[in-house]
Structure formats: C-alpha cells, structure tokens
file start.cif (mmCIF, C-alpha atoms)
data_work
loop_
_atom_site.label_atom_id
_atom_site.label_comp_id
_atom_site.auth_asym_id
_atom_site.auth_seq_id
_atom_site.Cartn_x
_atom_site.Cartn_y
_atom_site.Cartn_z
CA MET R 1 -19.27 10.61 24.22
CA THR R 2 -19.75 6.92 23.59
CA PRO R 3 -21.89 5.96 20.61
CA VAL R 4 -24.46 3.20 21.10
CA HIS R 5 -22.68 0.61 18.98
CA ASP R 6 -19.54 0.83 21.16
CA MET R 7 -20.93 -1.60 23.72
CA GLY R 8 -17.95 -3.11 25.52
CA GLY R 9 -18.35 -2.74 29.29
CA VAL R 10 -21.76 -1.07 29.21
CA ALA R 11 -23.94 -2.31 32.10
CA GLY R 12 -27.59 -3.24 32.11
CA TYR R 13 -28.27 -5.20 28.94
CA GLY R 14 -29.12 -8.34 30.91
CA PRO R 15 -28.25 -11.99 30.34
CA VAL R 16 -27.21 -13.55 27.04
CA GLU R 17 -30.00 -15.68 25.61
CA PRO R 18 -28.67 -18.45 23.36
CA GLU R 19 -31.27 -19.94 21.03
CA PRO R 20 -31.17 -23.76 20.84
CA ASP R 21 -30.91 -25.11 17.27
CA GLU R 22 -30.89 -21.59 15.85
CA PRO R 23 -31.56 -21.51 12.10
CA VAL R 24 -29.14 -19.64 9.79
CA PHE R 25 -31.95 -17.19 8.95
CA HIS R 26 -35.15 -16.45 10.85
CA ALA R 27 -37.12 -15.13 7.85
CA GLY R 28 -36.88 -15.18 4.09
CA TRP R 29 -36.24 -11.42 3.88
CA GLU R 30 -33.11 -11.79 6.01
CA LYS R 31 -31.61 -13.94 3.24
CA ARG R 32 -32.12 -11.15 0.72
CA VAL R 33 -30.51 -8.57 3.02
CA LEU R 34 -27.47 -10.79 3.57
CA ALA R 35 -27.22 -11.54 -0.14
CA LEU R 36 -27.47 -7.86 -1.14
CA HIS R 37 -24.84 -6.95 1.46
CA VAL R 38 -22.43 -9.63 0.24
CA ASP R 39 -23.14 -9.05 -3.47
CA LEU R 40 -22.82 -5.25 -3.42
CA GLY R 41 -19.76 -5.55 -1.19
CA ALA R 42 -18.11 -7.86 -3.73
CA THR R 43 -18.71 -5.33 -6.53
CA GLY R 44 -16.71 -2.81 -4.51
CA VAL R 45 -19.17 0.09 -4.68
CA TRP R 46 -18.52 0.75 -1.02
CA SER R 47 -16.16 -0.61 1.62
CA LEU R 48 -17.09 -2.65 4.65
CA ASP R 49 -16.04 0.35 6.73
CA GLU R 50 -18.58 2.55 4.95
CA PHE R 51 -21.21 -0.11 5.60
CA ARG R 52 -20.34 -0.19 9.32
CA LEU R 53 -20.47 3.60 9.53
CA ALA R 54 -23.89 3.67 7.82
CA ARG R 55 -25.24 1.31 10.49
CA GLU R 56 -23.57 3.26 13.30
CA ARG R 57 -25.33 6.43 12.15
CA LEU R 58 -28.74 4.98 12.98
CA ALA R 59 -30.48 6.65 15.90
CA PRO R 60 -29.67 4.77 19.13
CA HIS R 61 -33.24 3.53 19.61
CA ASP R 62 -33.27 2.16 16.06
CA TYR R 63 -29.88 0.51 16.53
CA LEU R 64 -31.04 -1.22 19.72
CA ASP R 65 -34.68 -1.97 18.97
CA ARG R 66 -34.51 -3.24 15.41
CA SER R 67 -33.11 -6.65 14.49
CA TYR R 68 -29.59 -6.92 13.14
CA TYR R 69 -30.75 -7.66 9.60
CA ASP R 70 -33.20 -4.76 9.79
CA THR R 71 -30.39 -2.35 10.70
CA ALA R 72 -28.23 -3.88 7.95
CA LEU R 73 -31.04 -3.15 5.51
CA ALA R 74 -31.26 0.43 6.75
CA ALA R 75 -27.50 0.76 6.17
CA LEU R 76 -27.85 -0.65 2.63
CA GLU R 77 -30.67 1.79 1.88
CA ARG R 78 -28.51 4.70 3.02
CA LEU R 79 -25.50 3.51 1.00
CA ALA R 80 -27.50 2.74 -2.15
CA THR R 81 -29.11 6.18 -2.10
CA GLY R 82 -25.95 7.95 -0.94
CA HIS R 83 -23.94 6.42 -3.79
CA GLY R 84 -26.66 7.31 -6.28
CA LEU R 85 -27.59 3.75 -7.20
CA VAL R 86 -31.23 4.27 -6.28
CA GLY R 87 -33.40 7.23 -5.35
CA PRO R 88 -35.54 7.45 -2.21
CA ASP R 89 -38.53 7.92 -4.53
CA GLU R 90 -37.69 4.63 -6.24
CA LEU R 91 -37.47 2.77 -2.91
CA ALA R 92 -40.86 4.23 -1.99
CA ALA R 93 -42.30 3.21 -5.37
CA GLY R 94 -40.70 -0.23 -5.28
CA ARG R 95 -39.54 0.12 -8.90
CA SER R 96 -37.01 1.91 -11.04
CA LEU R 97 -38.11 5.39 -12.15
CA ARG R 98 -34.94 6.26 -14.09
CA THR R 99 -32.40 4.29 -16.06
CA GLY R 100 -29.33 3.18 -14.17
CA GLY R 101 -26.10 5.09 -14.43
CA PRO R 102 -22.70 3.55 -15.21
CA PRO R 103 -21.41 0.44 -13.40
CA PRO R 104 -21.13 -1.35 -10.92
CA ARG R 105 -21.30 -4.29 -13.22
CA PRO R 106 -23.44 -6.87 -11.51
CA LEU R 107 -21.89 -9.93 -9.97
CA SER R 108 -22.98 -12.97 -11.98
CA ALA R 109 -24.23 -16.14 -10.30
CA THR R 110 -21.26 -18.10 -11.64
CA ALA R 111 -18.80 -15.55 -10.20
CA VAL R 112 -20.19 -15.69 -6.66
CA ALA R 113 -18.21 -18.66 -5.33
CA ASP R 114 -14.89 -17.23 -6.56
CA ALA R 115 -15.70 -13.75 -5.26
CA LEU R 116 -16.42 -15.17 -1.82
CA ARG R 117 -13.29 -17.32 -1.85
CA ARG R 118 -11.17 -14.28 -2.71
CA GLY R 119 -12.92 -12.11 -0.15
CA ARG R 120 -11.91 -8.50 0.26
CA PRO R 121 -8.46 -8.54 1.87
CA SER R 122 -7.60 -5.46 3.93
CA ALA R 123 -3.83 -6.13 3.97
CA ARG R 124 -1.79 -3.45 2.18
CA ALA R 125 1.87 -2.77 1.40
CA ALA R 126 3.67 -1.02 4.25
CA PRO R 127 4.38 2.66 3.54
CA ARG R 128 6.86 2.87 6.46
CA PRO R 129 8.36 0.65 9.16
CA ALA R 130 6.31 -0.39 12.16
CA ARG R 131 6.65 1.85 15.21
CA PHE R 132 6.03 -0.92 17.77
CA SER R 133 7.01 -4.53 18.15
CA ALA R 134 5.86 -7.47 20.24
CA GLY R 135 6.59 -6.93 23.92
CA ASP R 136 6.26 -3.13 23.82
CA THR R 137 4.09 -1.47 26.43
CA VAL R 138 1.66 0.93 24.79
CA ARG R 139 -1.24 3.12 25.81
CA ALA R 140 -4.43 3.58 23.80
CA ILE R 141 -5.06 7.21 22.94
CA ASP R 142 -7.78 8.92 24.91
CA THR R 143 -9.14 11.01 22.07
CA ASP R 144 -12.81 11.17 21.19
CA PRO R 145 -13.05 10.76 17.41
CA GLY R 146 -16.06 13.08 17.42
CA PRO R 147 -19.72 12.45 16.67
CA GLY R 148 -20.38 10.57 13.44
CA ARG R 149 -16.73 9.61 12.99
CA HIS R 150 -15.91 5.95 12.48
CA THR R 151 -13.20 4.28 14.54
CA ARG R 152 -12.34 0.74 15.53
CA LEU R 153 -10.81 1.75 18.84
CA PRO R 154 -13.36 0.65 21.44
CA GLY R 155 -14.12 3.18 24.15
CA TYR R 156 -13.33 0.84 27.03
CA VAL R 157 -9.58 0.73 26.26
CA ARG R 158 -9.08 4.47 25.78
CA GLY R 159 -6.28 5.75 27.98
CA ARG R 160 -5.43 2.22 29.17
CA ALA R 161 -2.02 0.55 28.98
CA GLY R 162 -1.41 -2.84 27.42
CA VAL R 163 1.26 -4.94 25.78
CA VAL R 164 1.76 -5.59 22.07
CA THR R 165 1.54 -9.35 21.57
CA ALA R 166 1.63 -9.54 17.75
CA VAL R 167 2.25 -7.39 14.69
CA HIS R 168 -0.30 -8.11 11.96
CA GLY R 169 1.21 -6.16 9.07
CA CYS R 170 -0.33 -3.12 7.39
CA HIS R 171 -4.05 -2.85 6.68
CA ALA R 172 -6.48 -0.35 5.21
CA PHE R 173 -7.37 2.12 7.98
CA PRO R 174 -11.08 2.05 8.79
CA ASP R 175 -11.08 5.58 10.23
CA ALA R 176 -10.08 6.88 6.78
CA ARG R 177 -11.81 4.43 4.51
CA ALA R 178 -15.24 4.73 6.15
CA HIS R 179 -15.22 8.43 5.21
CA GLY R 180 -14.02 7.92 1.64
CA ARG R 181 -10.48 9.09 2.40
CA GLY R 182 -8.74 6.16 0.71
CA ASP R 183 -6.98 3.19 2.29
CA ASP R 184 -4.36 5.16 4.30
CA PRO R 185 -2.62 1.86 5.29
CA GLN R 186 -1.59 1.58 8.94
CA TRP R 187 0.28 -1.01 10.97
CA LEU R 188 -2.00 -3.25 12.98
CA TYR R 189 -1.14 -4.77 16.35
CA SER R 190 -2.67 -7.20 18.76
CA VAL R 191 -2.63 -5.47 22.16
CA ARG R 192 -3.45 -7.24 25.40
CA PHE R 193 -4.89 -5.40 28.41
CA ARG R 194 -5.21 -6.86 31.88
CA GLY R 195 -8.76 -6.95 33.21
CA ARG R 196 -7.81 -4.83 36.22
CA GLU R 197 -6.30 -2.15 34.00
CA LEU R 198 -9.63 -1.88 32.19
CA TRP R 199 -12.15 -2.38 34.98
CA GLY R 200 -10.34 -1.59 38.22
CA PRO R 201 -9.23 -3.65 41.22
CA GLY R 202 -12.53 -5.51 41.48
CA ALA R 203 -12.09 -7.11 38.06
CA ASP R 204 -11.61 -10.82 37.52
CA PRO R 205 -7.86 -11.34 38.16
CA THR R 206 -7.71 -14.05 35.49
CA LEU R 207 -9.10 -11.76 32.77
CA SER R 208 -7.23 -10.21 29.87
CA VAL R 209 -8.74 -8.61 26.78
CA SER R 210 -6.99 -8.29 23.43
CA ILE R 211 -7.96 -5.89 20.68
CA ASP R 212 -6.51 -5.32 17.24
CA ALA R 213 -5.24 -1.73 17.31
CA PHE R 214 -4.14 0.37 14.36
CA GLU R 215 -0.93 2.31 14.99
CA PRO R 216 -2.61 5.76 15.25
CA TYR R 217 -4.61 4.39 18.21
CA LEU R 218 -1.45 3.82 20.24
CA GLU R 219 1.27 5.76 21.97
CA SER R 220 4.38 4.45 23.67
CA ALA R 221 3.93 3.94 27.42
CA ARG R 222 7.61 3.48 28.25
CA MET Q 1 -36.72 5.33 3.54
CA SER Q 2 -35.35 3.66 6.62
CA GLY Q 3 -38.25 4.21 8.98
CA ALA Q 4 -40.08 1.46 10.78
CA ALA Q 5 -41.62 0.05 7.58
CA ASP Q 6 -41.75 -3.71 7.25
CA PRO Q 7 -38.26 -4.91 6.31
CA GLU Q 8 -39.77 -7.59 4.07
CA LEU Q 9 -41.35 -4.89 1.91
CA ARG Q 10 -38.29 -2.64 2.07
CA VAL Q 11 -35.80 -5.30 0.97
CA ARG Q 12 -38.12 -6.33 -1.85
CA ALA Q 13 -38.21 -2.73 -3.06
CA LEU Q 14 -34.43 -2.31 -2.78
CA GLU Q 15 -33.72 -5.54 -4.63
CA GLN Q 16 -36.31 -4.77 -7.31
CA VAL Q 17 -34.88 -1.33 -8.08
CA LEU Q 18 -31.27 -2.59 -8.11
CA VAL Q 19 -32.22 -5.46 -10.43
CA GLU Q 20 -34.20 -3.20 -12.80
CA LYS Q 21 -31.21 -0.86 -13.04
CA GLY Q 22 -28.86 -3.74 -13.79
CA TYR Q 23 -26.74 -3.41 -10.64
CA VAL Q 24 -27.69 -6.79 -9.20
CA ASP Q 25 -28.40 -10.19 -10.72
CA PRO Q 26 -31.05 -11.98 -8.63
CA ALA Q 27 -29.50 -15.35 -9.53
CA ALA Q 28 -26.28 -14.18 -7.85
CA LEU Q 29 -28.26 -13.32 -4.71
CA ASP Q 30 -29.73 -16.83 -4.74
CA ALA Q 31 -26.20 -18.24 -5.09
CA VAL Q 32 -25.00 -16.25 -2.07
CA VAL Q 33 -27.87 -17.52 0.06
CA GLU Q 34 -27.26 -21.09 -1.09
CA ILE Q 35 -23.61 -20.91 -0.05
CA TYR Q 36 -24.35 -19.60 3.45
CA GLU Q 37 -27.23 -22.02 3.98
CA ARG Q 38 -25.42 -25.13 2.76
CA ASN Q 39 -21.66 -24.86 2.31
CA VAL Q 40 -20.34 -22.47 4.91
CA GLY Q 41 -21.00 -23.19 8.56
CA PRO Q 42 -19.53 -24.52 11.82
CA HIS Q 43 -18.97 -27.94 10.22
CA ASN Q 44 -16.01 -26.28 8.44
CA GLY Q 45 -14.44 -25.08 11.67
CA ALA Q 46 -15.06 -28.49 13.23
CA ARG Q 47 -12.88 -30.05 10.50
CA VAL Q 48 -10.08 -27.62 11.33
CA VAL Q 49 -10.27 -28.37 15.06
CA ALA Q 50 -10.50 -32.13 14.61
CA ARG Q 51 -7.50 -32.09 12.27
CA ALA Q 52 -5.51 -30.08 14.82
CA TRP Q 53 -6.43 -32.60 17.51
CA CYS Q 54 -5.26 -35.54 15.37
CA ASP Q 55 -2.32 -34.22 13.43
CA PRO Q 56 0.56 -32.54 15.36
CA ASP Q 57 2.07 -31.17 12.15
CA TYR Q 58 -1.24 -29.55 11.14
CA ARG Q 59 -1.60 -28.18 14.66
CA ARG Q 60 1.83 -26.50 14.39
CA ARG Q 61 0.92 -24.99 11.03
CA LEU Q 62 -2.36 -23.75 12.49
CA GLN Q 63 -0.42 -22.06 15.30
CA THR Q 64 2.16 -20.40 13.03
CA ASP Q 65 -0.03 -19.46 10.03
CA SER Q 66 -3.70 -20.11 10.79
CA THR Q 67 -5.00 -18.55 7.57
CA ALA Q 68 -2.85 -20.84 5.37
CA ALA Q 69 -3.55 -23.95 7.44
CA ILE Q 70 -7.30 -23.29 7.27
CA ALA Q 71 -7.14 -22.52 3.53
CA SER Q 72 -5.38 -25.86 2.98
CA LEU Q 73 -8.67 -27.50 4.02
CA GLY Q 74 -10.57 -25.32 1.54
CA TYR Q 75 -11.90 -22.58 3.81
CA SER Q 76 -11.00 -18.98 3.01
CA GLY Q 77 -12.26 -15.62 1.84
CA ARG Q 78 -15.07 -13.27 2.67
CA GLY Q 79 -15.36 -12.47 6.36
CA GLY Q 80 -12.20 -14.42 7.14
CA GLU Q 81 -9.49 -13.04 4.87
CA VAL Q 82 -7.14 -13.40 7.83
CA ILE Q 83 -7.98 -15.91 10.55
CA ARG Q 84 -6.06 -16.49 13.74
CA ALA Q 85 -6.66 -19.71 15.65
CA VAL Q 86 -6.28 -19.38 19.43
CA GLU Q 87 -5.83 -22.59 21.34
CA ASN Q 88 -7.31 -23.43 24.71
CA THR Q 89 -5.05 -25.19 27.20
CA PRO Q 90 -5.75 -26.57 30.66
CA GLN Q 91 -4.64 -23.14 31.97
CA VAL Q 92 -6.11 -20.78 29.34
CA HIS Q 93 -9.62 -20.35 27.96
CA ASN Q 94 -10.17 -18.10 24.92
CA ILE Q 95 -13.46 -16.40 24.03
CA VAL Q 96 -14.22 -14.21 21.01
CA VAL Q 97 -16.45 -11.16 20.61
CA CYS Q 98 -16.92 -8.12 18.40
CA THR Q 99 -17.97 -5.32 20.74
CA LEU Q 100 -18.31 -2.79 17.89
CA CYS Q 101 -20.44 -4.77 15.44
CA SER Q 102 -20.57 -8.47 14.55
CA CYS Q 103 -17.18 -9.57 13.14
CA TYR Q 104 -17.02 -13.36 13.05
CA PRO Q 105 -14.91 -15.91 11.12
CA TRP Q 106 -17.38 -16.64 8.31
CA PRO Q 107 -15.38 -19.23 6.31
CA VAL Q 108 -15.09 -21.54 9.31
CA LEU Q 109 -18.23 -20.74 11.34
CA GLY Q 110 -20.72 -19.34 8.82
CA LEU Q 111 -22.97 -16.44 9.83
CA PRO Q 112 -23.05 -15.42 13.49
CA PRO Q 113 -25.94 -16.41 15.75
CA VAL Q 114 -28.27 -13.69 17.05
CA TRP Q 115 -26.83 -13.80 20.58
CA TYR Q 116 -23.31 -13.09 19.25
CA LYS Q 117 -24.57 -9.83 17.70
CA SER Q 118 -26.69 -8.92 20.73
CA ALA Q 119 -26.08 -6.12 23.23
CA PRO Q 120 -25.95 -8.47 26.27
CA TYR Q 121 -23.06 -10.50 24.82
CA ARG Q 122 -21.12 -7.63 23.27
CA SER Q 123 -21.36 -5.44 26.35
CA ARG Q 124 -20.61 -7.96 29.06
CA VAL Q 125 -18.12 -10.55 27.81
CA VAL Q 126 -15.15 -8.15 27.90
CA ALA Q 127 -15.77 -7.30 31.56
CA ASP Q 128 -17.48 -10.39 33.00
CA PRO Q 129 -16.72 -13.40 30.80
CA ARG Q 130 -17.44 -15.86 33.61
CA GLY Q 131 -20.90 -14.38 34.02
CA VAL Q 132 -21.50 -14.75 30.29
CA LEU Q 133 -20.17 -18.31 30.34
CA SER Q 134 -22.62 -19.14 33.12
CA ASP Q 135 -25.44 -17.98 30.81
CA PHE Q 136 -24.25 -20.81 28.56
CA GLY Q 137 -24.07 -23.27 31.46
CA VAL Q 138 -20.27 -23.29 31.43
CA GLU Q 139 -18.22 -23.01 34.60
CA LEU Q 140 -14.41 -22.92 34.51
CA PRO Q 141 -11.96 -23.41 37.38
CA ASP Q 142 -11.29 -20.20 39.33
CA ASP Q 143 -7.64 -20.13 38.28
CA THR Q 144 -8.20 -20.62 34.54
CA GLN Q 145 -6.85 -17.58 32.69
CA ILE Q 146 -9.53 -16.08 30.46
CA ARG Q 147 -8.44 -14.35 27.28
CA VAL Q 148 -11.08 -12.34 25.48
CA TRP Q 149 -10.43 -11.45 21.83
CA ASP Q 150 -12.32 -8.35 20.68
CA SER Q 151 -12.45 -8.56 16.86
CA THR Q 152 -11.81 -4.90 16.08
CA SER Q 153 -10.12 -5.38 12.69
CA GLU Q 154 -10.49 -7.69 9.67
CA ILE Q 155 -8.59 -10.39 11.55
CA ARG Q 156 -11.03 -13.03 12.73
CA TYR Q 157 -10.57 -15.45 15.61
CA LEU Q 158 -11.28 -19.17 15.86
CA VAL Q 159 -11.01 -20.91 19.23
CA VAL Q 160 -9.47 -24.39 19.21
CA PRO Q 161 -11.09 -26.01 22.25
CA LEU Q 162 -9.46 -28.67 24.40
CA ARG Q 163 -9.87 -32.18 23.08
CA PRO Q 164 -12.29 -33.98 25.41
CA GLU Q 165 -10.88 -36.73 27.56
CA GLY Q 166 -11.88 -40.27 26.67
CA THR Q 167 -11.47 -39.78 22.92
CA ASP Q 168 -8.15 -41.58 22.42
CA GLY Q 169 -8.13 -43.43 19.12
CA TRP Q 170 -11.21 -41.61 17.80
CA SER Q 171 -11.23 -40.86 14.09
CA GLU Q 172 -11.02 -37.30 12.82
CA ASP Q 173 -14.62 -37.56 11.57
CA ALA Q 174 -15.89 -38.76 14.93
CA LEU Q 175 -13.97 -35.99 16.72
CA ALA Q 176 -15.40 -33.33 14.39
CA GLY Q 177 -18.82 -34.43 15.57
CA LEU Q 178 -17.92 -33.29 19.11
CA VAL Q 179 -16.87 -29.77 18.07
CA THR Q 180 -19.76 -27.38 18.63
CA ARG Q 181 -20.08 -23.90 17.16
CA ASP Q 182 -20.11 -22.34 20.62
CA SER Q 183 -16.90 -24.18 21.58
CA MET Q 184 -15.16 -22.49 18.62
CA ILE Q 185 -16.36 -19.06 19.82
CA GLY Q 186 -15.30 -19.91 23.36
CA ALA Q 187 -18.82 -19.61 24.75
CA GLY Q 188 -19.11 -23.35 25.11
CA LEU Q 189 -17.15 -26.58 25.38
CA PRO Q 190 -17.06 -29.54 22.99
CA THR Q 191 -19.64 -32.26 23.44
CA ARG Q 192 -18.37 -34.92 25.86
CA PRO Q 193 -17.91 -38.36 24.35
CA GLU Q 194 -20.52 -39.88 26.67
CA GLY Q 195 -22.96 -37.29 25.27
CA VAL Q 196 -22.76 -38.86 21.82
CA GLY Q 197 -25.62 -41.17 20.94
CA SER Q 198 -23.91 -44.10 19.25
#
call {"tool": "encode", "arguments": {"input": "start.cif", "output": "structure tokens"}}
result
Amino acid sequence: MTPVHDMGGVAGYGPVEPEPDEPVFHAGWEKRVLALHVDLGATGVWSLDEFRLARERLAPHDYLDRSYYDTALAALERLATGHGLVGPDELAAGRSLRTGGPPPRPLSATAVADALRRGRPSARAAPRPARFSAGDTVRAIDTDPGPGRHTRLPGYVRGRAGVVTAVHGCHAFPDARAHGRGDDPQWLYSVRFRGRELWGPGADPTLSVSIDAFEPYLESAR
Amino acid sequence: MSGAADPELRVRALEQVLVEKGYVDPAALDAVVEIYERNVGPHNGARVVARAWCDPDYRRRLQTDSTAAIASLGYSGRGGEVIRAVENTPQVHNIVVCTLCSCYPWPVLGLPPVWYKSAPYRSRVVADPRGVLSDFGVELPDDTQIRVWDSTSEIRYLVVPLRPEGTDGWSEDALAGLVTRDSMIGAGLPTRPEGVGS
C-alpha cells in the first residue's frame, strides 16, 4: 500500500507549472506558518520526522487539495495538541483557556539567527561499523512499513538493486524518531539505481536515480 | 481543528494561544520571516556557484566537502545541515527532487517554490526527467546522462550548473548574476550571457 505522499513514479498528475517571478510567500498567513514551524522546531519540542509524519497522516484528499502551507499548519495543530501545548478547545476559541505547562522555553528574537545557523544536525556517533561501502551492490528491502508508519524509503525503489556510491556517516533514523523511539542512529548511504531497473526496459537509458538510504533499508545483492 | 477552516484564522489562533502560554515569542517569529524574506535565498547559492566557476581551489573543496566549502562563504544551518554539491558536466546533468515531502537546501536556495513541492514535479521527475525539463523549456542532448537526486534524508543537494560559454574573464559578481535558482535545482540552465541586459 503506497501512501499519498510517496509520489515518485505515480502517473497522472499532469505537467509541472513553474510560476514566473514567484514570491517567497503568497499570503501573510504563510509567513506565520513557516515561522511557527521553524521556531517550534528550534525549541526541540518535536523532531522534523514527527512533523513529517503528522503531515503524512492527513487524509489523501486533504494532502492533495490543500496548499503546502495549509497542510503544514494542520501538522502543527496536530503536534501542538498532541504534545499538550494547546488544547483543541483553545484553538477553537482562539485564546488560551488554561495556563501553560512547563517549557519549552520560547526562542527569543535575538537567538533566532544563531539557532538557524546551527540548524538541527541529524549526524550521530556510530554505534557499530558500516555494513556496506562504496561500490557494493545492494537491494532495497521490499517490506511495507505498514499504515501510519513513517519511512524515508520511497516505494519506487523497493525490491530494486542499485550501487552504493557514498557513505554519509551515521544519522538519526527517521523511522524510529518519527514515532518517539529515540534517535536509533543508522548508517546512511547514497545508492544509485539505473532508470531501467526502476521503470523497466522502456525507461530513458540515460537515467539514474539516487536516494539516501538508511542501512535497515538495504540488503546485500551479491 | 484541522478541517477546511480558513488557514489565516487557524494560524492566528494557534499563534495567539502559543504566545499567551509563553511558548512562542512573536518577535522571534518576525525575525524568522525577516531572515527568509531577505537574507536566505538563491542569491546565496549563486555566490557558491560563481566562486566554483572562478576559483579551482574552491571548486575542489566544494567537491570534497561541500558543507564546509559552503559554510566558508557564510551559508549553513537549518534545512542544510549537510549539503552536497553535484556538478554538471558536458556529459552529465543533475536534477534534485524530494519525492516524499519538500526537502531543499535552505541555506543556499531559501524556501522551495510551489512547483518543487507539487505532485506533478515530485511524481514525474524520477521517471521522466526529460519530460519535466521540457515543462521548463529545457532540452538536453539525447546522450546526456541524467542523474536525479531524491532528497530522502537530511542531506541536501545543490546543482553546480555548467558555466555558460562566452563568459571568459567575467567577474565573480557578474557570473553570479547568471546563476538562476532553477539551474541550481537542475530544472533550468544559467542565463546565457547574451540574455543579460547590460
């Protein structure tokens, strides 16, 4: 079962429509959504993986029909209520009905530039040696993570063979972190697939597609 | 809570409640917006590309440790904690996507355009990049190898396009003016020198 956000290779969405001289934001409210996303992310109340999962859990018609900032807002509403920062009744009322609990301490205006410069690195110390190295032939696992489970293995590479082209060190594992199961650091690889391996003999012979694959997504294909 | 209500009203309510509870400082939100409207954008990436075109030593550093080379120009952090620059050659054209959401190298390109986050781009570019390129008015030779980079982790990709012919002796500043946002995603090519007004 392929969830709606896993779009690679899905037919029928039509042509890409670039917008000449596109502004950074199309409405004032989009600025507030972006700022809340960045600000709350910097305070560390939830991870980027949790944020992605919250958006992925929207109903497919909402995910497709609503604008990207609208779905980001829906994800923020879910996270803010799910983490107990705000109550649904307070969002409906548009004001606080109870005093706030303990932190997060708010990000101050003077701390913003530094917080953005630091970012939120996902690199972690390696708990064990890497299983693969550049040049290895690997195959992406063909396991459905199950409904509502977060993964960064796109459906279109499942079961397909590719070659490791780079080892990117160890990083927090989204499949664990999105569900509050800690960082569970995993080795991360760049894996290149030939177009014909992914899409069959009719594919563009000049095409290759690279993904970044966490070690649990891969098995040896030797 | 997350129904079809007007997002303008919903975000106002969310911000108001978070501010009243002391979780968010509205001045910090203003500062975030200011940074992404003014400081962070494709002009940053254009500096990186122009430097790589002019300075062989910088280009080598960009190839071996892109994140450090880009940070040496002052661009780092949120949405680009690790950046990998991928260089176009006469034989290879690179193009970047995030099929699963909207991952994009914020420190060098700013916030992604709507089309980059859209279903048509995310669905099609991994299978039919030449079709997508034609939507942008770009046609590549039949034998050009096309490498698509699907940004599935926190590593973000920046395309270093080919330096346009006819720009020998151009200054780094003048070259940066040719580097378009789309050319650093791989969905476009740099502006040709004859396309520049002066």
call {"tool": "resolve_selection", "arguments": {"input": "start.cif", "expression": "the PyMOL selection byres ((chain Q and resi 49-52) around 10)", "output": "PyMOL selection string"}}
result
chain Q and resi 43-48+53-63+69-70+73+85+87+158-163+171-179+184
call {"tool": "closest_residue", "arguments": {"input": "start.cif", "among": "R:Pro121, R:Gly162, R:Gly148, R:Gly87", "to": "chain Q", "atoms": "only C-alpha atoms"}}
result
R:Pro121
call {"tool": "closest_residue", "arguments": {"input": "start.cif", "among": "R:Thr137, R:Ser108, R:Thr151, R:Thr165", "to": "chain Q", "atoms": "all atoms listed in the file"}}
result
R:Ser108
call {"tool": "residues_around", "arguments": {"input": "start.cif", "residues": "Val33 (chain Q)", "least_positions_apart": "5", "cutoff": "8 Å", "atoms": "only C-alpha atoms", "output": "list in words"}}
result
Lys31, Arg32, Leu34 and Ala35 of chain R
call {"tool": "resolve_selection", "arguments": {"input": "start.cif", "expression": "the PyMOL selection byres ((chain Q) within 7 of (chain R))", "output": "VMD selection string"}}
result
chain Q and resid 1 to 2 7 to 8 11 13 to 14 16 to 17 20 to 25 27 to 29 31 to 33 37 76 to 79 81 99 to 101 111 115 119 to 124 126 to 127 132 135 143 to 154
call {"tool": "decode", "arguments": {"input": "start.cif", "residues": "region 131-153 of chain Q", "atoms": "C-alpha atoms", "output": "short mmCIF file (atom, residue, chain, number, x, y, z; two decimals), in the first residue's frame"}}
result
data_model
loop_
_atom_site.label_atom_id
_atom_site.label_comp_id
_atom_site.auth_asym_id
_atom_site.auth_seq_id
_atom_site.Cartn_x
_atom_site.Cartn_y
_atom_site.Cartn_z
CA GLY Q 131 9.55 15.43 -19.84
CA VAL Q 132 9.78 17.60 -16.73
CA LEU Q 133 12.68 19.57 -18.20
CA SER Q 134 10.58 20.26 -21.29
CA ASP Q 135 7.93 21.80 -18.99
CA PHE Q 136 10.70 24.27 -18.10
CA GLY Q 137 11.64 24.80 -21.75
CA VAL Q 138 14.90 22.89 -21.35
CA GLU Q 139 16.05 20.30 -23.87
CA LEU Q 140 19.26 18.33 -23.38
CA PRO Q 141 21.17 16.24 -25.92
CA ASP Q 142 19.87 12.66 -26.20
CA ASP Q 143 23.10 11.20 -24.87
CA THR Q 144 23.43 13.43 -21.79
CA GLN Q 145 23.35 11.24 -18.68
CA ILE Q 146 20.64 12.42 -16.30
CA ARG Q 147 21.19 11.91 -12.59
CA VAL Q 148 18.21 12.51 -10.36
CA TRP Q 149 18.87 13.04 -6.64
CA ASP Q 150 15.89 12.18 -4.44
CA SER Q 151 16.45 14.00 -1.13
CA THR Q 152 15.30 11.26 1.23
CA SER Q 153 17.48 12.19 4.22
#
